[in-house]
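Single-structure report; data block below.
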Amino acid sequence: MIGHLRGTVLRALPERVLLEVGGVGYELHIPLTTYYELEKLAPGTPVALHVHTHVRDDALLLYGFWSEQERQLFERLIAVSGIGPRLAQTILSGIPPAELGAAIAGGDLARLVAIPGVGKKTAERLLLELRDKVAELAAPAGAPAARSAAADDVLAALLNLGYRRAQAERAIARTLADDPELGVPELLRRSLKRLSRA
């Protein structure tokens, strides 16, 4: 099983990356959070990704993650009945890892349902099966609630301005990945700047 790869990015797309390691190109499926980190790097910069190897009857798939926290969350997600690797990848693309851990640990059903691709039944299963298993992956006490409140306020503002939910959530997540401590005014300003470049 492959658990870690270090190499050079040959091609990066929002859902997958081709990583050259020792002359071999490995295609890894990635969440948007990892893609955003890869985008920041200069061409030719060595990259190290945490990897989950998923074996099926008809395929061997590799999922790459920028952080160990993301990989651990992914592995917990796919252990939930009804959640496969593709949906787990979508979930991690729709919410920062620390915020996901905090939402599950805190029983925040509304926040989970707001993630693209997650319905009420799936969110309820996440809470039922993972609430006690993700506490150590949540951010320190106090921090997630503040960030979540700011992110929710900015999301509401962007939706009122006519942006699509998935588009707005991606911009907010990417902005918070750069600076997790942003307040509402600055988070809104930077998110709008990102959306205007999209």
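Simple scheme: letters A, B, ... for chains in structure tokens order, numbers from 1 for residues in each chain, numbers from 1 for ligands in the order shown.
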
Against segment 163-174 of chain A, which residues of segment 55-123 of chain A fall within 10 Å? For each one I want the closest pair of atoms and the distance in Å (one decimal), counting only C-alpha atoms, rows by chain and increasing residue number, as JSON lines.
```
{"residue": "A:Ser93", "atom": "CA", "partner": "A:Arg170", "partner_atom": "CA", "distance": 7.6}
{"residue": "A:Gly94", "atom": "CA", "partner": "A:Arg170", "partner_atom": "CA", "distance": 6.5}
{"residue": "A:Ile95", "atom": "CA", "partner": "A:Ala173", "partner_atom": "CA", "distance": 6.5}
{"residue": "A:Pro96", "atom": "CA", "partner": "A:Ala173", "partner_atom": "CA", "distance": 6.1}
{"residue": "A:Pro97", "atom": "CA", "partner": "A:Ala173", "partner_atom": "CA", "distance": 9.9}
{"residue": "A:Glu99", "atom": "CA", "partner": "A:Ala173", "partner_atom": "CA", "distance": 9.8}
{"residue": "A:Ala114", "atom": "CA", "partner": "A:Arg165", "partner_atom": "CA", "distance": 8.6}
{"residue": "A:Ile115", "atom": "CA", "partner": "A:Ala166", "partner_atom": "CA", "distance": 8.1}
{"residue": "A:Pro116", "atom": "CA", "partner": "A:Ala166", "partner_atom": "CA", "distance": 6.4}
{"residue": "A:Gly117", "atom": "CA", "partner": "A:Ala166", "partner_atom": "CA", "distance": 9.9}
```

DSSP-assigned strand (DSSP E or B) members of segment 38-171 of chain A, reported as JSON, numbers by chain: {"A": [46, 47, 48, 49, 50, 51, 52, 53, 54, 55, 60, 61, 62, 63, 64, 65]}

Restrict the selected residues to N, CA and C atoms and save them as a compact mmCIF listing (two decimals), in the first residue's frame.
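The resulting file, again-v6.txt, is reproduced below:
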```txt
# COMPACT_ATOMS: atom_id res chain seq x y z
N PRO A 46 9.54 20.43 -5.36
CA PRO A 46 9.21 19.09 -4.86
C PRO A 46 7.97 19.13 -3.96
N VAL A 47 7.11 18.14 -4.11
CA VAL A 47 5.85 18.07 -3.37
C VAL A 47 5.78 16.74 -2.64
N ALA A 48 5.32 16.77 -1.39
CA ALA A 48 5.09 15.55 -0.64
C ALA A 48 3.61 15.47 -0.30
N LEU A 49 2.97 14.38 -0.67
CA LEU A 49 1.55 14.19 -0.40
C LEU A 49 1.32 12.93 0.44
N HIS A 50 0.38 13.04 1.37
CA HIS A 50 -0.06 11.87 2.13
C HIS A 50 -1.04 11.12 1.24
N VAL A 51 -0.95 9.81 1.21
CA VAL A 51 -1.71 9.03 0.22
C VAL A 51 -2.56 7.96 0.90
N HIS A 52 -3.77 7.82 0.38
CA HIS A 52 -4.62 6.68 0.75
C HIS A 52 -4.75 5.81 -0.50
N THR A 53 -4.43 4.54 -0.39
CA THR A 53 -4.55 3.60 -1.50
C THR A 53 -5.89 2.89 -1.36
N HIS A 54 -6.74 3.04 -2.38
CA HIS A 54 -8.08 2.44 -2.35
C HIS A 54 -8.13 1.30 -3.37
N VAL A 55 -8.35 0.10 -2.90
CA VAL A 55 -8.35 -1.08 -3.77
C VAL A 55 -9.79 -1.51 -4.02
N LEU A 60 -7.18 0.19 -8.83
CA LEU A 60 -6.37 0.61 -7.69
C LEU A 60 -6.27 2.13 -7.79
N LEU A 61 -6.89 2.83 -6.85
CA LEU A 61 -6.96 4.28 -6.91
C LEU A 61 -6.15 4.91 -5.79
N LEU A 62 -5.47 6.01 -6.11
CA LEU A 62 -4.69 6.73 -5.13
C LEU A 62 -5.35 8.08 -4.85
N TYR A 63 -5.49 8.41 -3.57
CA TYR A 63 -6.04 9.69 -3.14
C TYR A 63 -4.95 10.44 -2.38
N GLY A 64 -4.63 11.66 -2.84
CA GLY A 64 -3.56 12.43 -2.23
C GLY A 64 -4.08 13.59 -1.41
N PHE A 65 -3.35 13.91 -0.34
CA PHE A 65 -3.77 14.97 0.59
C PHE A 65 -2.57 15.80 1.03
```

Residue nearest Gly25 of chain A among A:Gly183, A:Gly162, A:Gly7, A:Gly84 (counting only C-alpha atoms):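 Among the listed residues, the smallest separation from Gly25 of chain A belongs to A:Gly7.
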
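Atom pair atom CA of Leu187 of chain A / atom CA of Ala150 of chain A: separated by 7.8 Å.
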
Alpha helix (DSSP H) residues, from DSSP on the backbone, in segment 6-186 of chain A, as an MDAnalysis selection string: chainID A and resid 32:40 68:77 85:94 97:105 109:113 120:130 143:160 165:178 184:186

Which of A:Arg6, A:Arg76, A:Lys121, A:Arg189 sits closest to Val134 of chain A [using only C-alpha atoms]: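 So, comparing all the options, the nearest one is A:Arg76.
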